[in-house]
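To be precise, the following lines are my_file-v4.cif, and they hold mmCIF, C-alpha atoms and all ligand atoms.
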data_model
#
loop_
_atom_site.label_atom_id
_atom_site.label_comp_id
_atom_site.auth_asym_id
_atom_site.auth_seq_id
_atom_site.Cartn_x
_atom_site.Cartn_y
_atom_site.Cartn_z
CA MET W 21 56.67 53.60 116.29
CA LYS W 22 60.29 52.59 116.17
CA THR W 23 60.91 49.24 114.55
CA VAL W 24 62.48 46.62 116.80
CA LEU W 25 62.66 43.67 114.45
CA GLY W 26 63.05 43.95 110.68
CA CYS W 27 62.13 40.88 108.65
CA ILE W 28 62.72 39.96 105.03
CA ALA W 29 60.65 37.12 103.55
CA ASP W 30 61.36 35.40 100.25
CA ASP W 31 57.71 35.17 99.22
CA PHE W 32 54.35 36.64 100.09
CA THR W 33 52.73 33.80 101.97
CA GLY W 34 55.96 33.35 103.90
CA ALA W 35 55.70 36.97 104.89
CA THR W 36 52.07 36.72 106.00
CA ASP W 37 52.85 33.52 107.88
CA LEU W 38 55.67 35.27 109.78
CA ALA W 39 53.63 38.43 110.31
CA GLY W 40 50.74 36.36 111.69
CA LEU W 41 52.94 34.61 114.22
CA LEU W 42 54.49 37.92 115.34
CA ALA W 43 50.97 39.38 115.63
CA ARG W 44 50.11 36.68 118.19
CA SER W 45 52.05 38.89 120.60
CA GLY W 46 49.34 41.56 120.27
CA MET W 47 51.86 44.09 118.94
CA PRO W 48 51.26 45.91 115.64
CA VAL W 49 52.80 44.19 112.64
CA SER W 50 53.05 45.82 109.26
CA LEU W 51 53.79 43.94 106.07
CA ARG W 52 55.15 45.78 103.05
CA ILE W 53 54.69 44.13 99.70
CA GLY W 54 57.87 44.54 97.77
CA LEU W 55 60.57 47.03 98.63
CA PRO W 56 58.87 50.26 99.77
CA ASP W 57 59.57 53.07 97.32
CA ARG W 58 59.58 55.68 100.09
CA PRO W 59 61.68 56.06 103.23
CA PRO W 60 60.18 54.51 106.37
CA SER W 61 57.20 56.31 107.91
CA ASP W 62 54.29 55.18 110.10
CA THR W 63 56.31 52.10 111.00
CA ALA W 64 55.32 49.29 113.39
CA PRO W 65 57.50 47.56 116.01
CA PHE W 66 57.52 44.56 113.67
CA GLU W 67 58.09 45.31 110.02
CA VAL W 68 58.04 42.52 107.45
CA ILE W 69 59.09 43.12 103.85
CA ALA W 70 57.68 40.55 101.45
CA LEU W 71 59.87 40.00 98.43
CA LYS W 72 59.29 37.58 95.58
CA CYS W 73 62.79 36.23 95.34
CA ARG W 74 62.62 32.52 96.14
CA THR W 75 63.28 31.46 92.57
CA ALA W 76 64.80 34.72 91.27
CA PRO W 77 68.39 34.75 89.94
CA VAL W 78 70.83 34.90 92.87
CA SER W 79 72.24 38.35 92.09
CA GLU W 80 68.74 39.82 91.87
CA ALA W 81 67.62 38.18 95.13
CA VAL W 82 70.74 39.38 96.93
CA ALA W 83 70.34 42.95 95.67
CA ASP W 84 66.65 43.04 96.65
CA CYS W 85 67.32 41.68 100.13
CA ARG W 86 70.17 44.13 100.73
CA ALA W 87 67.92 47.02 99.74
CA ALA W 88 65.24 45.69 102.11
CA LEU W 89 67.82 45.48 104.91
CA LYS W 90 68.80 49.09 104.30
CA TRP W 91 65.16 50.20 104.55
CA LEU W 92 64.62 48.24 107.77
CA ARG W 93 67.76 49.73 109.31
CA ALA W 94 66.47 53.18 108.40
CA ALA W 95 63.24 52.25 110.22
CA GLY W 96 65.34 51.76 113.36
CA ALA W 97 65.55 47.96 113.50
CA GLN W 98 68.64 46.47 115.12
CA SER W 99 67.65 42.82 114.84
CA PHE W 100 66.86 41.14 111.57
CA PHE W 101 65.21 37.95 110.35
CA TRP W 102 65.63 36.26 106.97
CA LYS W 103 62.53 34.13 106.48
CA TYR W 104 62.30 31.32 103.97
CA CYS W 105 60.00 28.38 103.63
CA SER W 106 59.73 25.77 106.37
CA THR W 107 60.41 23.20 103.66
CA PHE W 108 63.64 25.04 102.73
CA ASP W 109 62.39 25.53 99.15
CA SER W 110 65.36 26.33 96.97
CA THR W 111 67.53 24.90 94.25
CA ALA W 112 71.32 24.30 94.14
CA GLU W 113 71.50 27.81 92.67
CA GLY W 114 69.11 28.81 95.44
CA ASN W 115 68.99 32.02 97.34
CA ILE W 116 68.75 31.03 101.00
CA GLY W 117 72.53 30.85 101.54
CA PRO W 118 73.66 33.72 99.28
CA VAL W 119 71.14 36.13 100.82
CA ALA W 120 72.12 35.10 104.36
CA GLU W 121 75.78 35.67 103.51
CA ALA W 122 75.11 39.10 101.99
CA LEU W 123 73.03 40.23 104.97
CA MET W 124 75.68 38.93 107.39
CA SER W 125 78.31 40.89 105.53
CA ASP W 126 76.24 44.11 105.63
CA LEU W 127 75.55 43.63 109.34
CA GLY W 128 79.11 42.58 110.23
CA ALA W 129 77.76 39.26 111.57
CA GLN W 130 80.20 36.36 111.81
CA GLN W 131 77.62 33.68 112.29
CA THR W 132 73.96 32.93 111.79
CA ILE W 133 71.63 30.00 112.27
CA TYR W 134 69.30 28.12 109.92
CA CYS W 135 66.20 26.70 111.54
CA PRO W 136 63.19 26.08 109.28
CA ALA W 137 61.34 24.05 111.96
CA PHE W 138 57.63 24.86 112.39
CA PRO W 139 56.41 22.23 114.87
CA GLU W 140 52.74 23.33 114.80
CA ASN W 141 52.73 22.64 111.07
CA GLY W 142 54.67 19.39 111.32
CA ARG W 143 58.03 20.73 110.15
CA SER W 144 60.91 19.58 112.35
CA VAL W 145 64.67 19.39 112.05
CA PHE W 146 66.47 16.42 113.57
CA MET W 147 70.18 15.67 113.13
CA GLY W 148 70.21 18.29 110.41
CA ASN W 149 67.46 16.59 108.43
CA LEU W 150 64.16 18.29 107.71
CA PHE W 151 60.95 16.35 108.25
CA VAL W 152 57.44 17.10 107.00
CA GLY W 153 55.24 15.29 109.49
CA GLU W 154 56.89 11.89 109.86
CA GLN W 155 58.44 11.90 106.37
CA PRO W 156 61.90 13.14 105.45
CA LEU W 157 61.53 16.21 103.20
CA ALA W 158 62.74 14.33 100.11
CA GLU W 159 60.03 11.66 100.59
CA SER W 160 57.28 14.22 101.26
CA PRO W 161 55.02 15.73 98.57
CA MET W 162 57.67 18.50 98.28
CA LYS W 163 59.63 16.15 96.04
CA ASP W 164 57.13 17.05 93.28
CA HIS W 165 56.92 20.82 93.76
CA PRO W 166 56.53 22.54 90.36
CA LEU W 167 59.34 25.09 90.91
CA THR W 168 61.52 23.79 93.74
CA PRO W 169 61.35 19.99 93.90
CA MET W 170 63.16 18.96 97.11
CA ARG W 171 65.12 15.75 96.56
CA ASP W 172 67.41 15.88 99.63
CA SER W 173 66.39 16.21 103.28
CA ASN W 174 69.77 17.14 104.75
CA LEU W 175 69.99 20.87 105.39
CA MET W 176 73.80 21.02 105.53
CA ARG W 177 74.00 19.30 102.14
CA LEU W 178 71.34 21.64 100.72
CA LEU W 179 73.04 24.72 102.15
CA ALA W 180 76.72 23.93 101.44
CA PRO W 181 76.63 24.59 97.66
CA GLN W 182 74.83 27.90 98.32
CA VAL W 183 77.41 29.47 100.66
CA ASP W 184 81.12 30.31 100.68
CA GLY W 185 81.50 29.85 104.46
CA THR W 186 81.55 26.60 106.41
CA THR W 187 78.36 24.89 107.59
CA GLY W 188 77.83 23.09 110.88
CA LEU W 189 75.14 21.60 113.10
CA ILE W 190 73.86 22.01 116.63
CA ASN W 191 71.85 18.88 117.14
CA ARG W 192 68.82 18.13 119.24
CA LEU W 193 70.86 16.65 122.09
CA THR W 194 72.51 20.04 122.63
CA VAL W 195 69.27 21.96 122.06
CA ALA W 196 67.56 19.80 124.70
CA ARG W 197 70.15 21.00 127.24
CA GLY W 198 68.88 24.57 126.86
CA ALA W 199 69.95 28.07 125.86
CA GLU W 200 73.28 28.08 127.69
CA ALA W 201 74.38 24.83 126.01
CA ILE W 202 73.33 26.19 122.61
CA ARG W 203 75.27 29.41 123.23
CA GLU W 204 78.41 27.45 124.14
CA ALA W 205 78.04 25.24 121.07
CA LEU W 206 77.68 28.33 118.86
CA GLU W 207 80.83 29.81 120.36
CA GLY W 208 82.71 26.53 119.83
CA LEU W 209 81.65 26.48 116.19
CA ARG W 210 82.52 30.17 115.77
CA ASP W 211 86.03 29.46 117.05
CA LYS W 212 86.33 26.83 114.33
CA GLY W 213 85.20 29.36 111.72
CA VAL W 214 81.72 27.87 111.20
CA ALA W 215 79.52 30.71 109.96
CA HIS W 216 76.36 28.81 108.95
CA VAL W 217 74.85 26.73 111.72
CA VAL W 218 71.87 24.45 111.14
CA VAL W 219 70.03 24.01 114.44
CA ASP W 220 67.71 21.11 115.23
CA ALA W 221 64.25 21.79 116.64
CA VAL W 222 61.32 19.43 116.98
CA ALA W 223 59.07 21.35 119.39
CA ASP W 224 58.19 24.96 120.20
CA ALA W 225 60.14 24.67 123.47
CA ASP W 226 63.29 24.02 121.40
CA LEU W 227 62.65 27.19 119.40
CA GLN W 228 62.33 29.19 122.62
CA GLN W 229 65.73 28.00 123.82
CA ILE W 230 67.28 28.65 120.42
CA ALA W 231 65.80 32.18 120.18
CA ALA W 232 67.04 33.00 123.69
CA ALA W 233 70.52 31.65 122.93
CA CYS W 234 70.73 33.57 119.64
CA ARG W 235 69.28 36.85 120.94
CA PRO W 236 72.63 38.69 120.54
CA MET W 237 72.92 37.69 116.86
CA PRO W 238 71.97 40.58 114.57
CA LEU W 239 70.61 38.13 111.99
CA LEU W 240 68.54 34.98 112.43
CA THR W 241 67.35 32.87 109.52
CA GLY W 242 64.65 30.27 109.40
CA GLY W 243 60.98 29.46 109.10
CA SER W 244 58.44 31.71 110.76
CA ALA W 245 58.16 29.72 113.99
CA LEU W 246 61.68 30.67 115.08
CA ALA W 247 60.50 34.28 115.27
CA MET W 248 57.57 33.45 117.54
CA PRO W 249 59.51 33.64 120.84
CA LEU W 250 61.15 36.97 119.90
CA PRO W 251 58.38 39.41 120.96
CA ALA W 252 58.48 38.10 124.54
CA LEU W 253 62.28 38.45 124.62
CA TYR W 254 62.05 42.05 123.40
CA ALA W 255 59.27 42.84 125.91
CA ALA W 256 61.39 41.40 128.74
CA GLU W 257 64.19 43.74 127.72
CA GLY W 258 61.79 46.71 127.72
CA LEU W 259 62.12 47.26 123.97
CA MET W 260 58.34 47.28 123.57
CA SER W 261 55.43 47.68 125.93
CA LYS W 262 51.85 46.49 126.19
CA ASP W 263 50.43 49.98 125.56
CA GLN W 264 51.68 49.71 121.97
CA SER W 265 49.42 46.71 121.41
CA THR W 266 46.34 47.01 119.20
CA SER W 267 43.66 44.77 117.82
CA ARG W 268 42.55 45.88 114.39
CA HIS W 269 39.70 44.14 112.64
CA PRO W 270 38.13 46.40 110.01
CA GLN W 271 34.83 45.41 108.41
CA VAL W 272 34.92 44.59 104.71
CA ASP W 273 31.96 43.94 102.42
CA ARG W 274 30.84 40.36 101.86
CA GLY W 275 31.64 39.56 98.22
CA ALA W 276 34.37 36.90 98.08
CA VAL W 277 36.48 34.81 95.73
CA VAL W 278 38.88 31.89 96.18
CA LEU W 279 41.89 31.75 93.82
CA SER W 280 44.20 28.75 93.89
CA GLY W 281 47.44 28.35 91.95
CA SER W 282 49.09 25.99 94.40
CA CYS W 283 49.52 22.32 93.45
CA SER W 284 50.67 21.23 96.90
CA ALA W 285 49.03 18.15 98.37
CA MET W 286 47.06 20.05 101.03
CA THR W 287 45.79 22.61 98.52
CA ARG W 288 44.64 19.80 96.23
CA ALA W 289 42.56 18.41 99.11
CA GLN W 290 41.24 21.89 99.97
CA VAL W 291 40.18 22.56 96.38
CA LYS W 292 38.41 19.20 96.22
CA VAL W 293 36.45 19.85 99.42
CA TYR W 294 35.51 23.41 98.48
CA ALA W 295 34.56 22.54 94.87
CA GLU W 296 31.98 20.05 96.19
CA GLN W 297 29.91 22.89 97.64
CA SER W 298 30.76 26.02 95.62
CA PRO W 299 30.79 27.28 92.01
CA HIS W 300 34.19 26.49 90.56
CA TYR W 301 36.21 26.90 87.36
CA ARG W 302 39.38 25.02 86.48
CA LEU W 303 42.19 26.74 84.59
CA ASN W 304 44.26 24.52 82.31
CA PRO W 305 47.67 26.02 81.43
CA LEU W 306 47.67 24.41 77.97
CA ASP W 307 44.27 25.89 77.21
CA LEU W 308 45.34 29.27 78.63
CA ALA W 309 48.44 29.23 76.39
CA LYS W 310 46.26 28.64 73.35
CA ASN W 311 43.10 30.59 74.08
CA GLY W 312 43.96 33.10 76.81
CA THR W 313 41.83 34.02 79.80
CA ALA W 314 38.65 35.23 78.09
CA GLY W 315 36.64 32.08 78.95
CA ALA W 316 37.57 32.24 82.63
CA LYS W 317 36.85 35.96 82.81
CA THR W 318 33.41 35.51 81.28
CA TRP W 319 32.62 32.68 83.71
CA LEU W 320 33.79 34.69 86.72
CA SER W 321 31.95 37.85 85.77
CA GLU W 322 28.71 35.83 85.50
CA GLN W 323 29.06 34.58 89.11
CA SER W 324 27.66 36.25 92.20
CA MET W 325 30.55 37.15 94.48
CA GLU W 326 28.15 36.42 97.37
CA GLY W 327 28.63 32.76 96.44
CA ALA W 328 32.43 32.99 96.86
CA PRO W 329 33.33 31.18 93.61
CA LEU W 330 36.59 29.25 93.24
CA VAL W 331 38.99 29.56 90.30
CA TYR W 332 41.87 27.11 90.39
CA ALA W 333 44.79 25.79 88.37
CA THR W 334 45.55 23.30 91.14
CA ALA W 335 46.31 19.94 89.51
CA GLU W 336 47.77 16.51 90.22
CA PRO W 337 51.56 16.07 89.71
CA GLU W 338 51.10 14.17 86.43
CA ASP W 339 49.00 17.01 84.95
CA VAL W 340 51.57 19.58 86.12
CA CYS W 341 54.33 17.51 84.45
CA ALA W 342 52.34 17.29 81.21
CA ALA W 343 51.83 21.07 81.11
CA GLN W 344 55.49 21.69 81.96
CA ALA W 345 56.67 19.24 79.27
CA GLU W 346 54.78 21.22 76.65
CA LEU W 347 55.29 24.77 77.92
CA GLY W 348 58.42 24.60 80.10
CA SER W 349 58.03 24.86 83.87
CA GLY W 350 58.75 28.59 84.07
CA ARG W 351 56.26 29.47 81.35
CA ALA W 352 53.56 27.12 82.68
CA GLY W 353 53.83 28.76 86.10
CA GLU W 354 53.86 32.24 84.64
CA ILE W 355 50.77 31.64 82.48
CA VAL W 356 48.84 30.42 85.51
CA GLU W 357 50.05 33.24 87.76
CA THR W 358 49.18 35.89 85.18
CA ALA W 359 45.73 34.40 84.64
CA LEU W 360 44.93 34.28 88.36
CA ALA W 361 46.24 37.83 88.77
CA GLU W 362 43.95 39.10 85.99
CA LEU W 363 41.03 37.17 87.44
CA ALA W 364 41.64 38.76 90.85
CA THR W 365 41.03 42.21 89.36
CA VAL W 366 37.94 40.93 87.54
CA ALA W 367 36.61 39.58 90.85
CA ARG W 368 37.33 42.87 92.60
CA ASP W 369 35.58 44.82 89.86
CA CYS W 370 32.61 42.43 90.25
CA GLY W 371 32.40 43.21 93.98
CA ALA W 372 34.75 40.71 95.66
CA ARG W 373 36.24 42.25 98.80
CA ARG W 374 37.39 39.07 100.55
CA PHE W 375 40.08 37.09 98.76
CA VAL W 376 41.36 33.67 99.76
CA VAL W 377 44.48 32.90 97.73
CA ALA W 378 46.39 29.59 97.76
CA GLY W 379 50.04 29.46 96.72
CA GLY W 380 53.07 31.56 97.55
CA GLU W 381 53.96 32.62 94.03
CA THR W 382 50.28 32.92 93.23
CA SER W 383 49.71 35.26 96.18
CA GLY W 384 52.57 37.43 94.98
CA ALA W 385 51.02 37.74 91.55
CA VAL W 386 47.53 38.45 92.94
CA THR W 387 48.60 41.14 95.42
CA GLN W 388 50.64 42.82 92.70
CA ALA W 389 47.65 42.86 90.36
CA LEU W 390 45.47 44.30 93.12
CA GLU W 391 48.15 46.98 93.59
CA VAL W 392 48.41 46.32 97.29
CA THR W 393 51.56 47.71 98.89
CA ARG W 394 50.92 47.36 102.62
CA LEU W 395 48.93 44.95 104.77
CA ASP W 396 47.91 45.23 108.40
CA ILE W 397 47.86 41.85 110.05
CA GLY W 398 44.68 40.52 111.65
CA ALA W 399 43.51 37.32 113.29
CA GLU W 400 45.01 33.95 112.44
CA ILE W 401 42.81 31.49 110.52
CA ALA W 402 45.18 28.53 110.77
CA PRO W 403 48.76 28.37 112.06
CA GLY W 404 50.77 30.64 109.79
CA VAL W 405 47.80 32.12 107.87
CA PRO W 406 46.25 35.37 109.16
CA TRP W 407 43.57 37.51 107.58
CA THR W 408 45.19 40.72 106.40
CA TYR W 409 43.64 44.09 105.60
CA CYS W 410 44.46 46.66 102.94
CA THR W 411 42.91 48.71 100.16
CA SER W 412 42.68 48.02 96.45
CA ALA W 413 41.35 50.58 93.95
CA GLY W 414 40.06 52.56 96.95
CA HIS W 415 38.07 49.62 98.43
CA PRO W 416 38.84 48.13 101.85
CA ILE W 417 39.62 44.48 101.22
CA ALA W 418 40.67 41.42 103.23
CA LEU W 419 43.21 38.93 101.93
CA ALA W 420 44.08 35.47 103.22
CA LEU W 421 47.32 34.37 101.55
CA LYS W 422 47.96 30.70 102.14
CA SER W 423 51.13 28.88 101.28
CA GLY W 424 50.72 25.48 99.64
CA ASN W 425 50.68 23.01 102.46
CA PHE W 426 49.13 25.15 105.19
CA GLY W 427 45.63 24.87 106.64
CA SER W 428 43.40 21.83 106.91
CA GLU W 429 41.03 20.44 104.27
CA GLY W 430 38.19 22.84 105.05
CA PHE W 431 40.48 25.87 105.01
CA PHE W 432 38.73 27.93 102.32
CA SER W 433 35.35 27.80 104.10
CA THR W 434 36.96 28.22 107.53
CA ALA W 435 38.74 31.35 106.33
CA LEU W 436 35.56 32.92 104.94
CA ALA W 437 33.57 31.99 108.05
CA ALA W 438 36.21 33.58 110.29
CA LEU W 439 35.37 37.01 108.83
CA GLU W 440 31.74 36.61 109.89
CA GLN W 441 32.71 36.50 113.56
CA PRO W 442 32.41 39.79 115.46
P1 LIG W 501 52.87 26.69 96.69
O1 LIG W 501 52.66 27.67 97.81
O2 LIG W 501 52.04 25.46 96.81
O3 LIG W 501 54.32 26.42 96.46
P2 LIG W 501 52.96 28.49 94.43
O4 LIG W 501 51.86 29.38 93.94
O5 LIG W 501 54.09 29.16 95.16
O6 LIG W 501 52.29 27.39 95.35
O7 LIG W 501 53.63 27.69 93.28
C1 LIG W 501 52.89 26.91 92.39
C2 LIG W 501 53.40 27.18 90.98
O8 LIG W 501 52.81 26.21 90.11
C3 LIG W 501 52.97 28.55 90.46
O9 LIG W 501 53.99 29.12 89.68
C4 LIG W 501 51.77 28.20 89.59
O10 LIG W 501 51.53 29.16 88.58
C5 LIG W 501 52.19 26.87 89.02
N1 LIG W 501 51.04 26.06 88.59
C6 LIG W 501 49.79 26.06 89.11
N2 LIG W 501 49.00 25.20 88.48
C7 LIG W 501 49.75 24.62 87.52
C8 LIG W 501 49.47 23.64 86.54
N3 LIG W 501 48.26 23.08 86.45
N4 LIG W 501 50.48 23.26 85.72
C9 LIG W 501 51.72 23.82 85.84
N5 LIG W 501 52.04 24.75 86.75
C10 LIG W 501 51.06 25.16 87.59
#
As structure tokens, the full file:
Amino acid sequence: MKTVLGCIADDFTGATDLAGLLARSGMPVSLRIGLPDRPPSDTAPFEVIALKCRTAPVSEAVADCRAALKWLRAAGAQSFFWKYCSTFDSTAEGNIGPVAEALMSDLGAQQTIYCPAFPENGRSVFMGNLFVGEQPLAESPMKDHPLTPMRDSNLMRLLAPQVDGTTGLINRLTVARGAEAIREALEGLRDKGVAHVVVDAVADADLQQIAAACRPMPLLTGGSALAMPLPALYAAEGLMSKDQSTSRHPQVDRGAVVLSGSCSAMTRAQVKVYAEQSPHYRLNPLDLAKNGTAGAKTWLSEQSMEGAPLVYATAEPEDVCAAQAELGSGRAGEIVETALAELATVARDCGARRFVVAGGETSGAVTQALEVTRLDIGAEIAPGVPWTYCTSAGHPIALALKSGNFGSEGFFSTALAALEQP
């Protein structure tokens, strides 16, 4: 099927989050892990390419995203979406702005918007400032993120050092006046040479108006929720039809494992709740650096996968700081990611076919280790987290890839229970 919308996501859970929201439309969504090494074939109306470039050097991230754009254009897409985290995770040398600028240049776009709002998950943008629930981003638990600590809440200030072009804002008062007002404001800013427009949104209705106003733009950028209104807009234009819709839900065997490398506040609560009722093993980066993964592998291979054991490196901020002080933050993260990736293959070889993985970077490492290159998107477990289906070493498997702060406290059990439903 010809691709209508081509999406590029800066990490794996971001990609599954976006793919899950697009799949709410009932249309087929295909997620490619990493840049496909073959030209497009067997494509879906919505194609999402998951890269692992959130914290990569800028030149590498830009090159990867440009290559992904080229592939999506070859698949037939004429509209494109650059998806980053709804908490705008990046550093001053971050990739959100440079990638947007490179894609705009390739597409000949003069202007794009930045809207990380995800109201269902408590992310809103007001007067250019990003909120997590009722807290400004810089006061939220994101201030302690191991790789991208967010110490400013103002999106224009975060974006400005990342782009060459001028930044501007369309605030909530304009958004509340609807699509036509937003379109006029965009034109006004374009006349003043403003290429990078942060747009406020606090509710799904705002996102609908924004998506409608920005429909002619070849490139939109934001969190996944901004893409949610797009399928209906395309359907209204006759670009896709109901007879393309499918509902895929393959059966996978019961063995399961939960792997958590996220230290986000919600994941910490999820690990605590799940560990109270299930076999669990804690990975300590300092111990891994000294003694390797043999102990964890032995423990895991002695477990029954029917009991869905949990392996986690999830830790409180002070423990993360202690490990980073000794190992360096990059190395600490890498050691944990590598360990969880190796343990994923051990679990698979011991019969696990259902994998719940917490953490964006962690999910990237795990899917890579399982040599998964394409996922078909299934039912949503929680907003932004669908079950996905693929094969690994010839076995049909199901993967739930959850980014740090998503899901509620019982998420791990809820996810596994969801697969039991017919
Ligand atoms: P999230 O989705 O919550 O951002 P990620 O997996 O993307 O989660 O990022 C968490 C990072 O923290 C990973 O690189 C992971 O390896 C690292 N990490 C996990 N546990 C620890 C720990 N105990 N000490 C230091 N770093 C850790």
*Which residues form the shell of 8 Å around ligand LIG 501 (chain W) when you count only C-alpha atoms and all ligand atoms, given as number ranges by chain?*
W: 33, 165-167, 280-284, 287, 303-305, 332-336, 339-344, 349-350, 352-358, 378-383, 422-425
Atoms kept (C-alpha atoms) for selection, written as a short mmCIF file (atom, residue, chain, number, x, y, z; two decimals), in the frame of the given file:
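The new file again04.cif reads:
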data_model
loop_
_atom_site.label_atom_id
_atom_site.label_comp_id
_atom_site.auth_asym_id
_atom_site.auth_seq_id
_atom_site.Cartn_x
_atom_site.Cartn_y
_atom_site.Cartn_z
CA THR W 33 52.73 33.80 101.97
CA HIS W 165 56.92 20.82 93.76
CA PRO W 166 56.53 22.54 90.36
CA LEU W 167 59.34 25.09 90.91
CA SER W 280 44.20 28.75 93.89
CA GLY W 281 47.44 28.35 91.95
CA SER W 282 49.09 25.99 94.40
CA CYS W 283 49.52 22.32 93.45
CA SER W 284 50.67 21.23 96.90
CA THR W 287 45.79 22.61 98.52
CA LEU W 303 42.19 26.74 84.59
CA ASN W 304 44.26 24.52 82.31
CA PRO W 305 47.67 26.02 81.43
CA TYR W 332 41.87 27.11 90.39
CA ALA W 333 44.79 25.79 88.37
CA THR W 334 45.55 23.30 91.14
CA ALA W 335 46.31 19.94 89.51
CA GLU W 336 47.77 16.51 90.22
CA ASP W 339 49.00 17.01 84.95
CA VAL W 340 51.57 19.58 86.12
CA CYS W 341 54.33 17.51 84.45
CA ALA W 342 52.34 17.29 81.21
CA ALA W 343 51.83 21.07 81.11
CA GLN W 344 55.49 21.69 81.96
CA SER W 349 58.03 24.86 83.87
CA GLY W 350 58.75 28.59 84.07
CA ALA W 352 53.56 27.12 82.68
CA GLY W 353 53.83 28.76 86.10
CA GLU W 354 53.86 32.24 84.64
CA ILE W 355 50.77 31.64 82.48
CA VAL W 356 48.84 30.42 85.51
CA GLU W 357 50.05 33.24 87.76
CA THR W 358 49.18 35.89 85.18
CA ALA W 378 46.39 29.59 97.76
CA GLY W 379 50.04 29.46 96.72
CA GLY W 380 53.07 31.56 97.55
CA GLU W 381 53.96 32.62 94.03
CA THR W 382 50.28 32.92 93.23
CA SER W 383 49.71 35.26 96.18
CA LYS W 422 47.96 30.70 102.14
CA SER W 423 51.13 28.88 101.28
CA GLY W 424 50.72 25.48 99.64
CA ASN W 425 50.68 23.01 102.46
#
Quick one: distance from CA of Pro329 in chain W to CA of Cys370 in chain W in Å, one decimal?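 The value is 11.8 Å.
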Handout entry: Among the residues W:Pro299, W:Gly34, W:Gly96, W:Pro249, the one that comes closest to Ala64 in chain W [using only C-alpha atoms]
Key =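 Among the listed residues, W:Gly96 lies closest to Ala64 in chain W.
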* Between CA of Asp30 in chain W and CA of Ser110 in chain W, measure the distance and give it in Å to one decimal. =>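 The value is 10.4 Å.
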Test item: residues at most 12 Å from Pro60 in chain W, only C-alpha atoms, excluding those fewer than 5 positions along its chain, as a list of chain:residue names | W:Met21, W:Lys22, W:Thr23, W:Gly26, W:Ser50, W:Arg52, W:Leu55, W:Glu67, W:Ile69, W:Ala88, W:Leu89, W:Lys90, W:Trp91, W:Leu92, W:Arg93, W:Ala94, W:Ala95, W:Gly96, W:Ala97
* Using all atoms listed in the file, which residues sit within 8 Å of Gly114 in chain W once same-chain residues fewer than 5 positions away are excluded, as a list of chain:residue names? -> W:Arg74, W:Thr75, W:Val78, W:Gln182
Using only C-alpha atoms, the residue out of W:Leu250, W:Ala413, W:Met176, W:Val376 with shortest distance to Ser45 in chain W is W:Leu250
key: Protein, DNA and RNA residues within 6 Å of (65.4, 15.8, 115.4), only C-alpha atoms, as a count of residues only   = 6
ask   = Hey, can you check how far CA of Leu25 in chain W sits from CA of Ala43 in chain W?
value =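 We find that CA of Leu25 in chain W and CA of Ala43 in chain W lie 12.5 Å from each other.
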- Message: Which residues are near range 126-141 of chain W? Cut-off 8 Å, only C-alpha atoms, ignore same chain within fewer than 4 positions. Put them as a ChimeraX atom specification.
- Response: /W:86,104-108,120,122,145,150,153,210,214-224,237-246,403,426
Check your understanding: If we count all atoms listed in the file, what is near range 437-442 of chain W at a cut-off of 12 Å, once residues fewer than 2 positions away on the same chain are taken out, given as an MDAnalysis selection string?
Key -> chainID W and resid 268:276 328 373:376 398:402 405:409 417:420 430:435
Here is a test: counting only C-alpha atoms, which residue of W:Met162, W:Met248, W:Leu209, W:Met124 is nearest to Leu189 in chain W?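 Looking only at the distances to Leu189 in chain W, the closest residue turns out to be W:Leu209.
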Would you please work out which residue, of W:Leu193, W:Met286, W:Leu279, W:Ala256, is nearest to Arg302 in chain W when using all atoms listed in the file?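 Smallest separation from Arg302 in chain W among the options: W:Leu279.
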Shell around Asn174 in chain W at 6 Å using only C-alpha atoms, local window under 3 positions removed, as a ChimeraX atom specification
/W:148-149,177
query = Please, which residues are within 12 Å of (56.2, 11.5, 104.2) by the file's coordinates, counting only C-alpha atoms, and could they come as a count of residues only?
reply = 18
Min atom-atom distance to Arg235 in chain W from the set W:Cys410, W:Ala199, W:Ala385, W:Ala35, counting only C-alpha atoms, belongs to W:Ala199
Checklist entry - Which is closer to Tyr254 in chain W than all the others in W:Leu390, W:Ala295, W:Met47, W:Val24, using all atoms listed in the file? => result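 Closest to Tyr254 in chain W of all the choices is W:Val24.
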Which centre and edge lengths in Å to one decimal define the box along x, y and z that fits every listed atom of range 305-316 of chain W plus 5 Å per side, as AutoDock Vina command-line options?
--center_x 42.5 --center_y 29.8 --center_z 78.0 --size_x 21.8 --size_y 20.8 --size_z 19.3
